[in-house]
$ cat data33.txt   # compact mmCIF, C-alpha atoms
# COMPACT_ATOMS: atom_id res chain seq x y z
CA MET A 1 0.00 0.00 0.00
CA ILE A 2 1.15 3.52 -0.77
CA THR A 3 2.37 5.65 2.09
CA VAL A 4 2.82 9.30 1.24
CA PRO A 5 4.57 11.51 3.82
CA LYS A 6 2.11 14.01 5.32
CA ARG A 7 4.51 16.81 4.33
CA VAL A 8 3.83 16.06 0.65
CA TYR A 9 0.12 16.82 1.08
CA PHE A 10 0.83 20.14 2.78
CA VAL A 11 3.37 21.14 0.12
CA VAL A 12 0.86 20.31 -2.64
CA TRP A 13 -1.82 22.33 -0.83
CA LEU A 14 0.54 25.33 -0.52
CA LEU A 15 1.41 25.08 -4.22
CA LEU A 16 -2.30 25.00 -5.06
CA LEU A 17 -2.90 28.16 -3.04
CA VAL A 18 0.12 29.89 -4.64
CA LEU A 19 -1.29 29.02 -8.08
CA LEU A 20 -4.70 30.32 -7.01
CA VAL A 21 -3.23 33.68 -5.92
CA ALA A 22 -1.22 33.86 -9.15
CA THR A 23 -4.22 33.21 -11.40
CA TRP A 24 -6.38 35.65 -9.40
CA GLY A 25 -3.71 38.37 -9.66
CA MET A 26 -3.21 37.83 -13.37
CA ALA A 27 -6.94 38.26 -13.99
CA LYS A 28 -6.62 41.87 -12.80
CA LEU A 29 -4.12 42.67 -15.57
CA ASN A 30 -4.97 42.96 -19.23
CA LEU A 31 -2.74 40.39 -20.90
CA HIS A 32 -4.86 40.11 -24.04
CA PRO A 33 -4.98 36.49 -25.27
CA PHE A 34 -2.64 35.43 -22.48
CA ASN A 35 -5.30 35.96 -19.80
CA ALA A 36 -7.11 32.86 -21.02
CA ILE A 37 -3.96 30.91 -21.90
CA LEU A 38 -2.28 31.47 -18.52
CA ALA A 39 -5.48 30.92 -16.51
CA MET A 40 -6.19 27.62 -18.26
CA THR A 41 -2.54 26.51 -17.95
CA ILE A 42 -2.71 27.16 -14.21
CA ALA A 43 -6.00 25.26 -13.99
CA VAL A 44 -4.36 22.27 -15.70
CA LEU A 45 -1.37 22.47 -13.32
CA LYS A 46 -3.72 22.49 -10.32
CA MET A 47 -5.59 19.52 -11.75
CA LEU A 48 -2.35 17.59 -12.26
CA LEU A 49 -1.23 18.30 -8.67
CA ILE A 50 -4.59 17.10 -7.32
CA MET A 51 -4.66 14.01 -9.53
CA LEU A 52 -1.04 12.97 -9.02
CA TYR A 53 -0.82 13.50 -5.25
CA PHE A 54 -4.25 13.85 -3.62
CA MET A 55 -5.75 11.18 -5.91
CA HIS A 56 -2.57 9.06 -5.68
CA LEU A 57 -2.26 8.60 -9.45
CA ARG A 58 1.50 9.04 -9.20
CA TYR A 59 1.61 5.89 -7.08
CA SER A 60 -1.07 3.97 -9.03
CA SER A 61 -0.79 1.28 -11.68
CA ARG A 62 -0.41 2.20 -15.34
CA LEU A 63 -3.83 0.62 -15.95
CA THR A 64 -5.34 3.21 -13.59
CA TRP A 65 -3.59 5.94 -15.61
CA ILE A 66 -5.35 4.69 -18.75
CA PHE A 67 -8.73 4.72 -17.00
CA ALA A 68 -8.08 8.20 -15.62
CA GLY A 69 -6.98 9.48 -19.03
CA ALA A 70 -9.89 7.97 -20.98
CA GLY A 71 -12.44 10.58 -19.90
CA PHE A 72 -10.13 13.40 -20.99
CA LEU A 73 -9.49 11.76 -24.36
CA TRP A 74 -13.24 11.68 -25.10
CA LEU A 75 -13.68 15.21 -23.77
CA ALA A 76 -10.93 16.43 -26.11
CA ILE A 77 -12.65 14.70 -29.05
CA LEU A 78 -15.99 16.26 -28.06
CA ILE A 79 -14.60 19.81 -27.83
CA LEU A 80 -12.14 19.69 -30.75
CA ILE A 81 -14.54 18.18 -33.28
CA SER A 82 -17.34 20.56 -32.22
CA LEU A 83 -14.96 23.52 -32.63
CA ASN A 84 -13.79 22.15 -35.95
CA ASP A 85 -17.25 23.05 -37.23
CA TYR A 86 -17.53 26.54 -35.73
CA LEU A 87 -13.94 27.59 -36.45
CA THR A 88 -14.26 26.80 -40.15
CA ARG A 89 -17.55 28.55 -40.96
CA GLY A 90 -15.77 31.71 -42.07
CA PRO A 91 -16.68 35.34 -41.30
CA GLY A 92 -19.59 35.78 -38.94
CA GLY A 93 -18.83 32.51 -37.21
CA GLY A 94 -22.12 30.96 -38.28
CA GLY A 95 -24.58 30.37 -35.48
CA MET B 96 -18.70 -4.43 19.80
CA PRO B 97 -19.14 -3.12 16.26
CA GLU B 98 -19.34 -5.70 13.53
CA VAL B 99 -16.03 -6.59 11.94
CA ARG B 100 -16.40 -7.29 8.26
CA PRO B 101 -13.90 -9.54 6.52
CA ALA B 102 -11.51 -7.33 4.60
CA LEU B 103 -11.41 -9.54 1.52
CA ALA B 104 -14.63 -10.20 -0.40
CA GLU B 105 -14.87 -13.77 -1.66
CA GLN B 106 -14.84 -12.94 -5.40
CA PHE B 107 -11.28 -11.56 -5.20
CA ASP B 108 -8.01 -13.44 -4.92
CA SER B 109 -6.17 -10.84 -2.93
CA LEU B 110 -6.56 -7.47 -1.24
CA GLU B 111 -4.43 -5.89 -3.96
CA GLN B 112 -6.74 -7.21 -6.68
CA GLN B 113 -9.81 -6.04 -4.76
CA HIS B 114 -8.28 -2.60 -4.32
CA GLU B 115 -7.37 -2.35 -8.01
CA ALA B 116 -10.92 -3.34 -9.03
CA ALA B 117 -12.43 -0.66 -6.79
CA THR B 118 -9.97 1.96 -8.07
CA LEU B 119 -10.67 1.19 -11.72
CA GLY B 120 -14.41 1.20 -11.01
CA ILE B 121 -14.40 4.68 -9.49
CA TRP B 122 -12.14 6.07 -12.23
CA THR B 123 -14.58 4.69 -14.83
CA PHE B 124 -17.40 6.46 -13.02
CA LEU B 125 -15.34 9.66 -12.93
CA ALA B 126 -14.76 9.38 -16.71
CA THR B 127 -18.54 9.41 -17.19
CA GLU B 128 -18.67 12.46 -14.91
CA VAL B 129 -16.02 14.21 -17.02
CA LEU B 130 -18.30 13.75 -20.03
CA PHE B 131 -21.41 14.72 -18.02
CA PHE B 132 -19.79 18.11 -17.37
CA GLY B 133 -18.11 17.91 -20.79
CA GLY B 134 -21.30 18.81 -22.66
CA LEU B 135 -21.54 22.04 -20.68
CA PHE B 136 -17.84 22.81 -21.14
CA THR B 137 -18.26 22.30 -24.89
CA ALA B 138 -21.29 24.62 -24.96
CA TYR B 139 -19.25 27.19 -23.06
CA VAL B 140 -16.30 26.99 -25.49
CA VAL B 141 -18.56 27.28 -28.56
CA TYR B 142 -20.60 30.24 -27.25
CA ARG B 143 -17.52 32.05 -25.97
CA PHE B 144 -16.08 31.74 -29.47
CA LEU B 145 -19.31 33.03 -31.05
CA TYR B 146 -20.12 35.85 -28.57
CA PRO B 147 -16.90 37.04 -26.89
CA GLN B 148 -18.29 40.54 -26.21
CA ALA B 149 -21.31 39.17 -24.36
CA PHE B 150 -19.05 36.92 -22.26
CA ALA B 151 -16.77 39.86 -21.42
CA GLU B 152 -19.73 42.03 -20.43
CA ALA B 153 -21.49 39.35 -18.39
CA SER B 154 -18.44 38.07 -16.52
CA HIS B 155 -17.92 41.53 -14.97
CA HIS B 156 -21.11 40.84 -13.04
CA THR B 157 -19.77 37.70 -11.35
CA ASN B 158 -18.27 38.17 -7.89
CA LEU B 159 -14.53 37.53 -8.12
CA LEU B 160 -14.03 37.66 -4.35
CA TYR B 161 -16.64 34.97 -3.61
CA GLY B 162 -15.28 32.82 -6.44
CA THR B 163 -11.66 33.11 -5.24
CA VAL B 164 -12.52 32.44 -1.59
CA ASN B 165 -14.56 29.41 -2.62
CA THR B 166 -11.66 28.05 -4.67
CA ALA B 167 -9.41 28.29 -1.61
CA VAL B 168 -12.09 26.59 0.51
CA LEU B 169 -12.43 23.65 -1.89
CA LEU B 170 -8.66 23.26 -2.35
CA THR B 171 -8.29 23.13 1.43
CA SER B 172 -11.09 20.57 1.68
CA SER B 173 -9.10 18.41 -0.72
CA LEU B 174 -6.16 18.62 1.69
CA THR B 175 -8.31 17.51 4.66
CA MET B 176 -9.75 14.72 2.47
CA ALA B 177 -6.26 13.50 1.53
CA LEU B 178 -5.33 13.58 5.24
CA ALA B 179 -8.51 11.59 6.02
CA VAL B 180 -7.50 8.86 3.59
CA GLN B 181 -4.03 8.79 5.10
CA ALA B 182 -5.46 8.53 8.63
CA ALA B 183 -7.65 5.62 7.47
CA GLN B 184 -4.64 3.97 5.86
CA GLU B 185 -2.73 4.14 9.12
CA GLY B 186 -5.70 2.98 11.19
CA ARG B 187 -5.91 6.28 13.10
CA ASN B 188 -9.66 6.26 13.50
CA ARG B 189 -10.14 9.42 15.57
CA ALA B 190 -8.04 11.45 13.13
CA LEU B 191 -10.07 9.95 10.28
CA VAL B 192 -13.37 11.12 11.79
CA ARG B 193 -11.90 14.58 12.50
CA CYS B 194 -10.55 14.99 8.96
CA LEU B 195 -13.85 13.86 7.42
CA ALA B 196 -15.72 16.30 9.66
CA ALA B 197 -13.38 19.12 8.59
CA THR B 198 -13.95 18.24 4.93
CA ILE B 199 -17.73 18.25 5.44
CA VAL B 200 -17.58 21.64 7.20
CA LEU B 201 -15.51 23.11 4.34
CA GLY B 202 -17.97 21.65 1.81
CA ILE B 203 -20.89 23.27 3.65
CA GLY B 204 -18.90 26.51 3.81
CA PHE B 205 -18.46 26.39 0.04
CA LEU B 206 -22.22 25.98 -0.46
CA LEU B 207 -22.96 28.85 1.95
CA VAL B 208 -20.66 31.22 0.07
CA LYS B 209 -22.21 30.04 -3.19
CA GLY B 210 -25.64 30.74 -1.69
CA LEU B 211 -24.60 34.30 -0.77
CA GLU B 212 -23.38 34.76 -4.30
CA TYR B 213 -26.63 33.44 -5.80
CA ARG B 214 -28.59 35.78 -3.51
CA GLU B 215 -26.56 38.70 -4.87
CA HIS B 216 -27.28 37.60 -8.45
CA PHE B 217 -31.00 37.37 -7.69
CA ALA B 218 -30.94 40.87 -6.16
CA HIS B 219 -29.16 42.23 -9.25
CA HIS B 220 -31.57 40.44 -11.62
CA LEU B 221 -28.84 38.38 -13.26
CA VAL B 222 -30.95 35.21 -13.30
CA PRO B 223 -32.10 34.48 -16.87
CA GLY B 224 -35.79 35.08 -17.35
CA ALA B 225 -38.32 37.90 -17.61
CA GLN B 226 -36.57 40.04 -14.98
CA PHE B 227 -33.09 39.73 -16.52
CA ALA B 228 -31.27 43.06 -16.13
CA LEU B 229 -28.80 43.04 -19.05
CA THR B 230 -31.32 42.62 -21.89
CA ALA B 231 -29.74 45.62 -23.66
CA LYS B 232 -26.54 43.57 -24.05
CA PRO B 233 -27.29 40.72 -26.46
CA LYS B 234 -26.42 37.15 -25.47
CA THR B 235 -25.31 38.02 -21.93
CA GLU B 236 -28.27 35.93 -20.77
CA LEU B 237 -26.60 32.96 -22.45
CA PHE B 238 -23.53 33.41 -20.24
CA PHE B 239 -25.70 33.41 -17.15
CA TRP B 240 -27.59 30.32 -18.32
CA LEU B 241 -24.22 28.57 -18.51
CA TYR B 242 -23.09 30.12 -15.22
CA PHE B 243 -26.12 28.87 -13.30
CA THR B 244 -26.23 25.47 -14.99
CA MET B 245 -22.53 24.77 -14.47
CA THR B 246 -22.28 26.06 -10.90
CA GLY B 247 -25.66 24.48 -10.09
CA LEU B 248 -24.65 21.06 -11.35
CA HIS B 249 -21.35 21.42 -9.51
CA GLY B 250 -23.20 22.47 -6.34
CA ILE B 251 -25.33 19.32 -6.54
CA HIS B 252 -22.10 17.32 -6.76
CA VAL B 253 -20.73 19.07 -3.66
CA LEU B 254 -23.99 18.23 -1.87
CA ALA B 255 -23.71 14.58 -2.96
CA GLY B 256 -20.09 14.56 -1.79
CA ILE B 257 -21.12 15.89 1.62
CA GLY B 258 -23.65 13.03 1.77
CA VAL B 259 -21.00 10.44 0.92
CA LEU B 260 -18.56 11.89 3.47
CA SER B 261 -21.27 11.94 6.15
CA VAL B 262 -21.92 8.23 5.64
CA LEU B 263 -18.16 7.57 5.78
CA ALA B 264 -17.84 9.63 8.98
CA PHE B 265 -20.72 7.67 10.52
CA MET B 266 -19.16 4.36 9.48
CA SER B 267 -15.73 5.31 10.78
CA SER B 268 -17.18 6.57 14.07
CA ARG B 269 -18.51 3.01 14.49
CA LEU B 270 -15.01 1.65 13.80
CA ASN B 271 -15.91 -0.01 10.54
CA PHE B 272 -12.58 0.74 8.92
CA SER B 273 -9.08 -0.52 9.60
CA SER B 274 -5.71 -0.09 8.00
CA GLU B 275 -6.51 -3.35 6.22
CA TYR B 276 -9.85 -2.22 4.77
CA TYR B 277 -10.56 1.46 4.13
CA THR B 278 -11.47 1.31 0.42
CA PRO B 279 -14.74 3.28 0.83
CA VAL B 280 -12.84 6.21 2.37
CA GLU B 281 -10.36 6.22 -0.49
CA MET B 282 -13.09 5.98 -3.15
CA GLY B 283 -15.16 8.72 -1.49
CA GLY B 284 -11.99 10.79 -1.49
CA LEU B 285 -11.46 10.30 -5.24
CA TYR B 286 -15.00 11.56 -5.85
CA TRP B 287 -14.43 14.60 -3.63
CA HIS B 288 -11.16 15.49 -5.40
CA PHE B 289 -12.93 15.17 -8.75
CA VAL B 290 -15.57 17.67 -7.67
CA ASP B 291 -12.73 19.97 -6.60
CA ILE B 292 -11.11 19.64 -10.05
CA VAL B 293 -14.38 20.60 -11.78
CA TRP B 294 -14.39 23.81 -9.74
CA VAL B 295 -10.70 24.42 -10.58
CA PHE B 296 -11.90 24.78 -14.21
CA LEU B 297 -15.18 26.59 -13.52
CA TYR B 298 -13.30 29.29 -11.60
CA PRO B 299 -11.18 30.62 -14.51
CA LEU B 300 -13.93 30.04 -17.09
CA LEU B 301 -16.67 31.90 -15.23
CA TYR B 302 -14.70 34.47 -13.21
CA LEU B 303 -11.33 35.16 -14.81
CA ILE B 304 -10.72 34.75 -18.52
CA ASN B 305 -13.44 36.98 -19.97
CA ARG B 306 -12.70 40.12 -17.99
CA HIS B 307 -10.43 41.67 -20.64
CA LEU B 308 -11.94 40.35 -23.85

$ encode --input "data33.txt" --output "structure tokens"
Amino acid sequence: MITVPKRVYFVVWLLLLVLLVATWGMAKLNLHPFNAILAMTIAVLKMLLIMLYFMHLRYSSRLTWIFAGAGFLWLAILILISLNDYLTRGPGGGG
Amino acid sequence: MPEVRPALAEQFDSLEQQHEAATLGIWTFLATEVLFFGGLFTAYVVYRFLYPQAFAEASHHTNLLYGTVNTAVLLTSSLTMALAVQAAQEGRNRALVRCLAATIVLGIGFLLVKGLEYREHFAHHLVPGAQFALTAKPKTELFFWLYFTMTGLHGIHVLAGIGVLSVLAFMSSRLNFSSEYYTPVEMGGLYWHFVDIVWVFLYPLLYLINRHL
């Protein structure tokens, strides 16, 4: 069975809060397209910290990794193929 | 004396196999949850692409302070949940009950803050419908439809999580778990962390990224 030192959980929690403050601060600045890019990158980093440490994926079997990744694979297909339609409708964006 | 259930169910060969089966089962369930929320995320992405001005206008009416505080509350509840699983793992039953209770309190705190925020939106007529205040700004109502549907569905998940954790706290207060068998605590924890992750994405989408469009 996995034993994770308690310190790891507290470090991950602190990192999550640092990322939260960073993303909150950045939202106050006008960074043009980078507002969305940086905010979503930080969200993904937070997700990875939670999944790897709090959800123990880092210490789980590779089969568990596949199961955990499957949902995201289908989500990516859902979003990318839907956007493929809207992004290619030309001026006016359709609708 | 409380009942002591055998740690290994008869259909499994070993505790490791039983644990792996439970883990894969909950991750499969979470994959369906990803897609459950995925439809809403897709709708959000498409409409933000089509109506960026409406999203920029509408998101200025969300309350950044409430959203940020609630993110911190949920992230902290994930810490107490992780500590609960660790306490269960090490057979520290009192610490387990305390950590579960802390997680439940933080979950309720999240819902209370969300409730305050909803009350503010009602007062400002930001709820889609006949009384909607921003009718002069086209498509802003669409943003608030997404806002209420996404945060509402997430809120229901938090409520369900509080229910699961309450059952776990009750079970652990009756000493039903040991360092040999604590799978329900771990699986409840995975669900709770998932709900936290959904919020980690709702926070930038609804509060942050449209402010400067």

$ atom_distance --input "data33.txt" --atom1 "CA of Leu38 in chain A" --atom2 "CA of Leu17 in chain A"
15.8 Å

$ closest_residue --input "data33.txt" --among "B:Phe107, B:Tyr146, B:Phe205, B:Trp240" --to "Thr171 in chain B" --atoms "all atoms listed in the file"
B:Phe205

$ interface_residues --input "data33.txt" --of "chain B" --to "chain A" --cutoff "9 Å" --atoms "all atoms listed in the file" --output "ChimeraX atom specification"
/B:111,115,118-120,122-123,125-130,133-134,136-138,140-141,144-145,159,163,166-167,170-171,173-174,176-178,181,184-185,281,284-285,288-289,291-293,295-296,298-300,302-308

$ atom_distance --input "data33.txt" --atom1 "CA of Phe238 in chain B" --atom2 "CA of Phe150 in chain B"
6.0 Å

$ atom_distance --input "data33.txt" --atom1 "CA of Phe243 in chain B" --atom2 "CA of Tyr139 in chain B"
12.1 Å

$ closest_residue --input "data33.txt" --among "B:Val200, B:Leu191, B:Ala104, B:Ala149" --to "Ala231 in chain B" --atoms "all atoms listed in the file"
B:Ala149

$ axis_aligned_box --input "data33.txt" --around "range 3-6 of chain A" --padding-each-side "8 Å" --output "lines of an AutoDock Vina configuration file"
center_x = 3.3
center_y = 9.8
center_z = 3.3
size_x = 18.5
size_y = 24.4
size_z = 20.1

$ closest_residue --input "data33.txt" --among "B:Ala179, B:Phe239, B:Gly283, B:His219" --to "Ala151 in chain B" --atoms "all atoms listed in the file"
B:Phe239

$ closest_residue --input "data33.txt" --among "B:Val168, B:Ile203, B:Val280, B:Val290" --to "Ile257 in chain B" --atoms "only C-alpha atoms"
B:Ile203
